[in-house]
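Written below as structure tokens is the structure these notes are about.
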Amino acid sequence: MKRLLILLAISVFAITACKKSSVNSVLAGKWELRHQNGGWGYDSTYVAGNGNIFDFYGNNRFKRYEKGSLAEQGTFHIQKATKELGSTDVIIFNNDVYGEPLELSNGILSIGTSAADGIINHYQKIAD
């Protein structure tokens, strides 16, 4: 029985570790801001080369640039959050108490929410 519990614990750890690394491998690279929307009808499009970039590393570290200048750096992690209609991925920067909803669809990384008049930032991958 003891061996079974140890084997089960190792299996759960291995599955969890693989899931985290696959998320990080998908995010790893440079993502440039291409569109923002939300709030009271806010809608803004950005051209390539605007310098608003998230650079994610596989070791859960990131750098964020605004117009080419380093604005923030540190750590991030992704966790599942439940809400009324299901669960969603949330990205948490620098051990912040609250995270931002995160969605990756058709090569576009969306961070943020339009709930409570917030802004959703949409990024396109520009480099691995």
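By convention in this document, the chains of the structure tokens carry letters A, B, ... by their order, each chain's residues are numbered from 1, and ligands are numbered from 1 in the order they are shown.
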
Cut-off 10 Å: closest region 48-68 of chain A/region 75-95 of chain A atom pairs per residue, using only C-alpha atoms, as JSON lines:
```
{"residue": "A:Phe56", "atom": "CA", "partner": "A:Phe76", "partner_atom": "CA", "distance": 8.8}
{"residue": "A:Tyr57", "atom": "CA", "partner": "A:Thr75", "partner_atom": "CA", "distance": 9.4}
{"residue": "A:Asn59", "atom": "CA", "partner": "A:Thr75", "partner_atom": "CA", "distance": 8.5}
{"residue": "A:Asn60", "atom": "CA", "partner": "A:Phe76", "partner_atom": "CA", "distance": 5.4}
{"residue": "A:Arg61", "atom": "CA", "partner": "A:Thr75", "partner_atom": "CA", "distance": 4.3}
{"residue": "A:Phe62", "atom": "CA", "partner": "A:Thr75", "partner_atom": "CA", "distance": 5.9}
{"residue": "A:Lys63", "atom": "CA", "partner": "A:Thr75", "partner_atom": "CA", "distance": 8.7}
```

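Near Gly107 (chain A), within 10 Å and counting only C-alpha atoms, sit A:Val26, A:Leu104, A:Ser110, A:Tyr123, A:Gln124, A:Lys125; same-chain residues fewer than 3 positions away were not included.
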
For Leu33 (chain A), the nearest of the candidates A:Glu72, A:Thr113, A:Ile126, A:Asn121, counting only C-alpha atoms:
A:Asn121

Picked from region 54-124 of chain A by DSSP as strand (DSSP E or B), as an MDAnalysis selection string:
chainID A and resid 54:57 61:66 69:83 86:93 100:105 108:112 119:124

Long-range neighbours of Asp117 (chain A) as a list of chain:residue names, 8 Å cut-off, only C-alpha atoms, 3 positions minimum in chain
A:Gly38, A:Gly39, A:Trp40, A:Ser114

Writer output for current selection, N, CA and C atoms, as a PDB file, in the first residue's frame:
```
ATOM      1  N   GLY A  38     -11.741  47.263 -24.740  1.00  0.00           N
ATOM      2  CA  GLY A  38     -12.458  47.127 -23.472  1.00  0.00           C
ATOM      3  C   GLY A  38     -12.896  48.487 -22.975  1.00  0.00           C
ATOM      4  N   GLY A  39     -13.152  48.542 -21.660  1.00  0.00           N
ATOM      5  CA  GLY A  39     -13.559  49.814 -21.061  1.00  0.00           C
ATOM      6  C   GLY A  39     -14.821  50.356 -21.686  1.00  0.00           C
ATOM      7  N   TRP A  40     -14.910  51.633 -21.799  1.00  0.00           N
ATOM      8  CA  TRP A  40     -16.069  52.311 -22.378  1.00  0.00           C
ATOM      9  C   TRP A  40     -15.879  52.462 -23.875  1.00  0.00           C
ATOM     10  N   SER A 114     -12.247  42.711 -19.935  1.00  0.00           N
ATOM     11  CA  SER A 114     -13.045  43.919 -20.103  1.00  0.00           C
ATOM     12  C   SER A 114     -14.062  44.068 -18.978  1.00  0.00           C
TER      13      SER A 114
END
```

If you measure from CA of Ile119 (chain A) to CA of Asp43 (chain A), what distance in Å do you get, rounded to one decimal?
9.1 Å
